[in-house]
Amino acid sequence: TDGVEECHNQNEAIFGSTRIKNQLKQLIEPTAEDCTAAIKNAINEFSQQVDPHDDITILSIQFSPTQKKLSNPLVISLKNDIKELLKLQYIIQQFSVQHDLEDKIEKTINLVLEELISNIIYHGYTNHESHTLFIKINLDETHIRIEIQDNASAFNPITDAPKIDTNIIDSDREVGGLGIHIIKNMVDELTYLRKDNKNHLTIVKERK
Amino acid sequence: MSLEINIDPTNQTITLVGRIDSLTSPLFENDIMPLITEKSPNLKLNCEALNYISSTGLRGFIRLEKRTNELNGKITLIGLNSFLKNIFEITGLSPMFTFV
C-alpha cells in the first residue's frame, strides 16, 4: 500500500518509490519473502522512531515460469488462433523435460499436434468467433495418449483427409493430406469419434 | 523457437536453424525462392541445426524443388537429422532431393 512510499522520518522526508526499487535491486536471486523482509527492514531503518502515518502492507509475488510443475495427465486449452501453437510448443517442451520424455517422442508429439491443431484452426470453423480446443496428455511408463477435443465442423482426419500416393514422384504434388499421412505413419493408434457436436481424436504412441 | 536463415553468398549454401512450421514456412519459402536463378539453379541447404519440419514446411520444400527442377538444378540437403529424414521418406519425397 502507499503507506510504504509515504513513510516519513524525523526530518519529514518520505521513503519514496526509488528507495523501494533500489532495495530490491540489491538482492541477488531473492525469494518473495526476501523482498518483503528487505523492504520492511529499510522502512524501519529510515523512519527510526516515527510512527507510520498510514497502514503499511507489503505483498511480494514470485514469478518463476520454468519451475512450474506440469501435471500428468495434463489438460491444455487453446484458442483458435494460429499463434497459440507457440504456447503449445512451450508447454510440450516443459512437459517433456519434467517427465523425462524421450527426444523422439517429444518431436513426434510436437509434429502430430501441430498438424492436427493447425488443420482445425485453419479449416474447422465456419465463423470468425473465438473457440476453445482442449488437449489432454496422459503419460504412463509405456505409452503416451493424447486426446483432442474441439467444437469445429465434423471432420474425421483418418477417413476425410485427401489420400496421397507416395509412389508418385511429382513436383506438382502440392495436395493436402501430407500432414495426416505423416501422423498415420508415426503413431500407433488413431481413433476418431463425433459426440455431442464435438470432434474427439485420440492418439496413442508407444514410448520405445 | 523460430527459424533463422543464414545465406552465404560465395558458394550459395544456406544454413537453416530452428523450425520450419506453420508460422515460419512463409519466411522460409519467400527468402529462398529468389535465390534460385537460371545462372545458379542449385541449392545447398545446411540442415544440421534444423530440428523440425511440419507438412507446411514440406510443401515449401516441394515448391522450391519444383523451381530448381524447371531450371535443371537440384537441391542438396546437408546433415538432416534422422527424424526429419524419416519424414521425407514416409511421404515419398526423398527421391526428389539429394541427401549428404
# chains A, B, ... in the order shown; residues from 1 in each chain; ligands from 1

call {"tool": "residues_around", "arguments": {"residues": "Asn69 in chain B", "least_positions_apart": "4", "cutoff": "10 Å", "atoms": "only C-alpha atoms", "output": "PDB file with all heavy atoms, in the first residue's frame"}}
result
ATOM      1  N   SER A 171       6.782 -33.119 -58.862  1.00  0.00           N
ATOM      2  CA  SER A 171       6.996 -31.787 -58.319  1.00  0.00           C
ATOM      3  C   SER A 171       5.693 -31.016 -58.161  1.00  0.00           C
ATOM      4  O   SER A 171       5.623 -30.049 -57.422  1.00  0.00           O
ATOM      5  CB  SER A 171       7.915 -30.988 -59.236  1.00  0.00           C
ATOM      6  OG  SER A 171       9.229 -31.409 -59.052  1.00  0.00           O
TER       7      SER A 171
ATOM      8  N   PRO B  41      20.993 -22.492 -60.508  1.00  0.00           N
ATOM      9  CA  PRO B  41      19.746 -23.206 -60.195  1.00  0.00           C
ATOM     10  C   PRO B  41      19.870 -24.200 -59.036  1.00  0.00           C
ATOM     11  O   PRO B  41      18.863 -24.763 -58.612  1.00  0.00           O
ATOM     12  CB  PRO B  41      19.435 -23.948 -61.496  1.00  0.00           C
ATOM     13  CG  PRO B  41      20.781 -24.188 -62.112  1.00  0.00           C
ATOM     14  CD  PRO B  41      21.677 -23.061 -61.686  1.00  0.00           C
ATOM     15  N   ASN B  42      21.090 -24.415 -58.534  1.00  0.00           N
ATOM     16  CA  ASN B  42      21.264 -25.398 -57.454  1.00  0.00           C
ATOM     17  C   ASN B  42      21.183 -24.748 -56.083  1.00  0.00           C
ATOM     18  O   ASN B  42      21.626 -23.618 -55.898  1.00  0.00           O
ATOM     19  CB  ASN B  42      22.622 -26.092 -57.581  1.00  0.00           C
ATOM     20  CG  ASN B  42      22.718 -26.889 -58.860  1.00  0.00           C
ATOM     21  OD1 ASN B  42      21.800 -27.629 -59.201  1.00  0.00           O
ATOM     22  ND2 ASN B  42      23.807 -26.697 -59.591  1.00  0.00           N
ATOM     23  N   ARG B  63       7.811 -26.867 -53.334  1.00  0.00           N
ATOM     24  CA  ARG B  63       7.749 -25.740 -54.273  1.00  0.00           C
ATOM     25  C   ARG B  63       9.145 -25.267 -54.688  1.00  0.00           C
ATOM     26  O   ARG B  63       9.368 -24.903 -55.833  1.00  0.00           O
ATOM     27  CB  ARG B  63       6.924 -24.601 -53.679  1.00  0.00           C
ATOM     28  CG  ARG B  63       5.420 -24.878 -53.785  1.00  0.00           C
ATOM     29  CD  ARG B  63       4.598 -23.648 -53.445  1.00  0.00           C
ATOM     30  NE  ARG B  63       4.501 -23.466 -52.004  1.00  0.00           N
ATOM     31  CZ  ARG B  63       3.502 -23.971 -51.255  1.00  0.00           C
ATOM     32  NH1 ARG B  63       2.532 -24.652 -51.825  1.00  0.00           N
ATOM     33  NH2 ARG B  63       3.468 -23.757 -49.967  1.00  0.00           N
ATOM     34  N   LEU B  64      10.095 -25.306 -53.750  1.00  0.00           N
ATOM     35  CA  LEU B  64      11.474 -24.923 -54.099  1.00  0.00           C
ATOM     36  C   LEU B  64      12.060 -25.937 -55.086  1.00  0.00           C
ATOM     37  O   LEU B  64      12.739 -25.568 -56.047  1.00  0.00           O
ATOM     38  CB  LEU B  64      12.353 -24.857 -52.842  1.00  0.00           C
ATOM     39  CG  LEU B  64      12.063 -23.738 -51.845  1.00  0.00           C
ATOM     40  CD1 LEU B  64      12.933 -23.904 -50.602  1.00  0.00           C
ATOM     41  CD2 LEU B  64      12.294 -22.354 -52.457  1.00  0.00           C
ATOM     42  N   GLU B  65      11.758 -27.211 -54.841  1.00  0.00           N
ATOM     43  CA  GLU B  65      12.269 -28.269 -55.722  1.00  0.00           C
ATOM     44  C   GLU B  65      11.696 -28.111 -57.119  1.00  0.00           C
ATOM     45  O   GLU B  65      12.384 -28.312 -58.123  1.00  0.00           O
ATOM     46  CB  GLU B  65      11.916 -29.642 -55.134  1.00  0.00           C
ATOM     47  CG  GLU B  65      12.692 -30.796 -55.730  1.00  0.00           C
ATOM     48  CD  GLU B  65      12.115 -31.307 -57.032  1.00  0.00           C
ATOM     49  OE1 GLU B  65      10.920 -31.077 -57.310  1.00  0.00           O
ATOM     50  OE2 GLU B  65      12.876 -31.960 -57.794  1.00  0.00           O
ATOM     51  N   GLY B  73      18.165 -27.707 -62.107  1.00  0.00           N
ATOM     52  CA  GLY B  73      19.033 -27.698 -60.923  1.00  0.00           C
ATOM     53  C   GLY B  73      18.592 -28.771 -59.942  1.00  0.00           C
ATOM     54  O   GLY B  73      17.685 -29.555 -60.225  1.00  0.00           O
ATOM     55  N   LYS B  74      19.265 -28.795 -58.801  1.00  0.00           N
ATOM     56  CA  LYS B  74      18.842 -29.742 -57.770  1.00  0.00           C
ATOM     57  C   LYS B  74      19.059 -29.147 -56.375  1.00  0.00           C
ATOM     58  O   LYS B  74      19.840 -28.209 -56.200  1.00  0.00           O
ATOM     59  CB  LYS B  74      19.574 -31.077 -57.909  1.00  0.00           C
ATOM     60  CG  LYS B  74      21.065 -30.975 -57.681  1.00  0.00           C
ATOM     61  CD  LYS B  74      21.700 -32.357 -57.583  1.00  0.00           C
ATOM     62  CE  LYS B  74      23.161 -32.226 -57.179  1.00  0.00           C
ATOM     63  NZ  LYS B  74      23.817 -33.493 -56.926  1.00  0.00           N
ATOM     64  N   ILE B  75      18.369 -29.728 -55.402  1.00  0.00           N
ATOM     65  CA  ILE B  75      18.508 -29.267 -54.018  1.00  0.00           C
ATOM     66  C   ILE B  75      19.236 -30.338 -53.206  1.00  0.00           C
ATOM     67  O   ILE B  75      18.862 -31.505 -53.239  1.00  0.00           O
ATOM     68  CB  ILE B  75      17.129 -28.992 -53.369  1.00  0.00           C
ATOM     69  CG1 ILE B  75      16.404 -27.870 -54.135  1.00  0.00           C
ATOM     70  CG2 ILE B  75      17.281 -28.617 -51.892  1.00  0.00           C
ATOM     71  CD1 ILE B  75      15.040 -27.524 -53.574  1.00  0.00           C
ATOM     72  N   MET B  96      13.211 -36.843 -54.529  1.00  0.00           N
ATOM     73  CA  MET B  96      13.280 -35.527 -55.166  1.00  0.00           C
ATOM     74  C   MET B  96      14.488 -34.702 -54.706  1.00  0.00           C
ATOM     75  O   MET B  96      14.804 -33.677 -55.299  1.00  0.00           O
ATOM     76  CB  MET B  96      12.004 -34.730 -54.842  1.00  0.00           C
ATOM     77  CG  MET B  96      10.756 -35.284 -55.532  1.00  0.00           C
ATOM     78  SD  MET B  96       9.215 -34.715 -54.758  1.00  0.00           S
ATOM     79  CE  MET B  96       9.363 -32.941 -54.938  1.00  0.00           C
TER      80      MET B  96
END

call {"tool": "interface_residues", "arguments": {"of": "chain A", "to": "chain B", "cutoff": "12 Å", "atoms": "only C-alpha atoms", "output": "ChimeraX atom specification"}}
result
/A:81-90,93,103-119,121-122,163-186

call {"tool": "closest_residue", "arguments": {"among": "A:Ile91, A:Ser60, A:Glu12, A:Lys21", "to": "Cys35 in chain A", "atoms": "only C-alpha atoms"}}
result
A:Ser60

call {"tool": "residues_around", "arguments": {"residues": "Leu16 in chain B", "least_positions_apart": "4", "cutoff": "6 Å", "atoms": "only C-alpha atoms", "output": "JSON, numbers by chain"}}
result
{"B": [4, 5, 47, 50]}

call {"tool": "residues_around", "arguments": {"residues": "Glu45 in chain A", "least_positions_apart": "6", "cutoff": "12 Å", "atoms": "only C-alpha atoms", "output": "PDB file with C-alpha atoms, in the first residue's frame"}}
result
ATOM      1  CA  CYS A   7       6.519   6.655   5.199  1.00  0.00           C
ATOM      2  CA  HIS A   8       8.186   9.662   6.929  1.00  0.00           C
ATOM      3  CA  ASN A   9      11.288  10.072   9.032  1.00  0.00           C
ATOM      4  CA  GLN A  10      12.057  12.694  11.716  1.00  0.00           C
ATOM      5  CA  PHE A  15      10.635   6.931   1.819  1.00  0.00           C
ATOM      6  CA  ARG A  19      14.152   3.546  -2.316  1.00  0.00           C
ATOM      7  CA  ALA A  38      14.221  -6.191   2.754  1.00  0.00           C
ATOM      8  CA  ILE A  39      11.554  -3.507   2.355  1.00  0.00           C
TER       9      ILE A  39
END

call {"tool": "closest_residue", "arguments": {"among": "A:Ala154, A:Ile120, A:Leu190, A:Ile203", "to": "Leu139 in chain A", "atoms": "only C-alpha atoms"}}
result
A:Ile203

call {"tool": "select_by_dssp", "arguments": {"residues": "range 16-86 of chain B", "states": "alpha helix (DSSP H)", "output": "list in words"}}
result
Ser25, Pro26, Leu27, Phe28, Glu29, Asn30, Asp31, Ile32, Ser55, Thr56, Gly57, Leu58, Arg59, Gly60, Phe61, Ile62, Arg63, Leu64, Glu65, Lys66, Arg67, Thr68, Asn69, Glu70, Ser82, Phe83, Leu84, Lys85 and Asn86 of chain B

call {"tool": "write_last_selection", "arguments": {"atoms": "C-alpha atoms", "output": "mmCIF file, in the first residue's frame"}}
result
data_model
loop_
_atom_site.group_PDB
_atom_site.id
_atom_site.type_symbol
_atom_site.label_atom_id
_atom_site.label_comp_id
_atom_site.auth_asym_id
_atom_site.auth_seq_id
_atom_site.Cartn_x
_atom_site.Cartn_y
_atom_site.Cartn_z
ATOM 1 C CA SER B 25 7.342 -21.619 -43.593
ATOM 2 C CA PRO B 26 6.248 -18.434 -45.445
ATOM 3 C CA LEU B 27 9.568 -16.865 -44.393
ATOM 4 C CA PHE B 28 11.459 -19.995 -45.495
ATOM 5 C CA GLU B 29 9.918 -20.002 -48.969
ATOM 6 C CA ASN B 30 9.949 -16.249 -49.569
ATOM 7 C CA ASP B 31 13.588 -15.841 -48.550
ATOM 8 C CA ILE B 32 14.951 -18.773 -50.505
ATOM 9 C CA SER B 55 3.766 -30.642 -43.527
ATOM 10 C CA THR B 56 3.508 -26.923 -44.317
ATOM 11 C CA GLY B 57 7.300 -26.843 -44.300
ATOM 12 C CA LEU B 58 7.403 -29.880 -46.594
ATOM 13 C CA ARG B 59 5.178 -28.072 -49.089
ATOM 14 C CA GLY B 60 7.755 -25.266 -49.071
ATOM 15 C CA PHE B 61 10.469 -27.803 -49.932
ATOM 16 C CA ILE B 62 8.272 -29.191 -52.732
ATOM 17 C CA ARG B 63 7.749 -25.740 -54.273
ATOM 18 C CA LEU B 64 11.474 -24.923 -54.099
ATOM 19 C CA GLU B 65 12.269 -28.269 -55.722
ATOM 20 C CA LYS B 66 9.753 -27.565 -58.471
ATOM 21 C CA ARG B 67 11.530 -24.305 -59.293
ATOM 22 C CA THR B 68 15.036 -25.823 -59.306
ATOM 23 C CA ASN B 69 13.760 -28.724 -61.412
ATOM 24 C CA GLU B 70 12.392 -26.343 -64.052
ATOM 25 C CA SER B 82 17.276 -38.979 -38.910
ATOM 26 C CA PHE B 83 13.896 -37.920 -37.506
ATOM 27 C CA LEU B 84 13.425 -35.382 -40.309
ATOM 28 C CA LYS B 85 14.918 -37.645 -42.983
ATOM 29 C CA ASN B 86 12.266 -40.181 -41.995
#

call {"tool": "atom_distance", "arguments": {"atom1": "CA of Ser40 in chain B", "atom2": "CA of Thr76 in chain B"}}
result
13.4 Å

call {"tool": "closest_residue", "arguments": {"among": "A:Ile61, A:Ala13, A:Ala32, A:Leu193", "to": "Pro157 in chain A", "atoms": "only C-alpha atoms"}}
result
A:Leu193

call {"tool": "select_by_dssp", "arguments": {"residues": "range 13-191 of chain A", "states": "strand (DSSP E or B)", "output": "ChimeraX atom specification"}}
result
/A:14,74-79,132-139,143-150,189-191

call {"tool": "write_last_selection", "arguments": {"atoms": "C-alpha atoms", "output": "compact mmCIF listing (two decimals), in the first residue's frame"}}
result
# COMPACT_ATOMS: atom_id res chain seq x y z
CA ILE A 14 9.43 10.46 2.58
CA LEU A 74 -2.20 -32.53 -18.36
CA VAL A 75 -5.02 -30.54 -19.96
CA ILE A 76 -4.12 -27.68 -22.28
CA SER A 77 -6.69 -25.25 -23.62
CA LEU A 78 -6.02 -23.29 -26.80
CA LYS A 79 -7.88 -20.57 -28.68
CA THR A 132 -11.52 -23.16 -27.43
CA LEU A 133 -9.87 -26.52 -28.12
CA PHE A 134 -8.76 -28.94 -25.45
CA ILE A 135 -5.77 -31.25 -25.49
CA LYS A 136 -5.32 -33.88 -22.82
CA ILE A 137 -1.96 -35.60 -22.46
CA ASN A 138 -1.68 -38.77 -20.43
CA LEU A 139 1.69 -40.38 -19.92
CA HIS A 143 2.63 -45.13 -23.77
CA ILE A 144 1.61 -41.55 -24.31
CA ARG A 145 -2.05 -40.90 -25.03
CA ILE A 146 -3.28 -37.60 -26.43
CA GLU A 147 -6.93 -36.60 -26.78
CA ILE A 148 -8.01 -33.59 -28.80
CA GLN A 149 -11.50 -32.23 -28.34
CA ASP A 150 -12.92 -29.40 -30.43
CA GLU A 189 -3.24 -45.76 -32.69
CA LEU A 190 -5.52 -43.10 -34.08
CA THR A 191 -9.24 -43.12 -33.30

call {"tool": "residues_around", "arguments": {"residues": "Ala49 in chain B", "least_positions_apart": "4", "cutoff": "10 Å", "atoms": "only C-alpha atoms", "output": "compact mmCIF listing (two decimals) with C-alpha atoms, in the first residue's frame"}}
result
# COMPACT_ATOMS: atom_id res chain seq x y z
CA GLU B 4 16.93 -18.45 -38.74
CA THR B 15 22.10 -22.57 -43.24
CA LEU B 16 18.75 -23.27 -41.59
CA VAL B 17 18.48 -23.08 -37.82
CA GLY B 18 15.33 -23.94 -35.87
CA ARG B 19 11.88 -24.89 -37.14
CA GLY B 79 23.22 -33.10 -42.39
CA LEU B 80 19.48 -33.56 -41.99
CA ASN B 81 18.79 -35.49 -38.77

call {"tool": "atom_distance", "arguments": {"atom1": "CA of Asn199 in chain A", "atom2": "CA of Ser96 in chain A"}}
result
26.0 Å

call {"tool": "closest_residue", "arguments": {"among": "B:Leu3, B:Leu71, B:Ile14, B:Val100", "to": "Leu45 in chain B", "atoms": "only C-alpha atoms"}}
result
B:Ile14

call {"tool": "atom_distance", "arguments": {"atom1": "CA of Asn44 in chain A", "atom2": "CA of Val4 in chain A"}}
result
10.6 Å
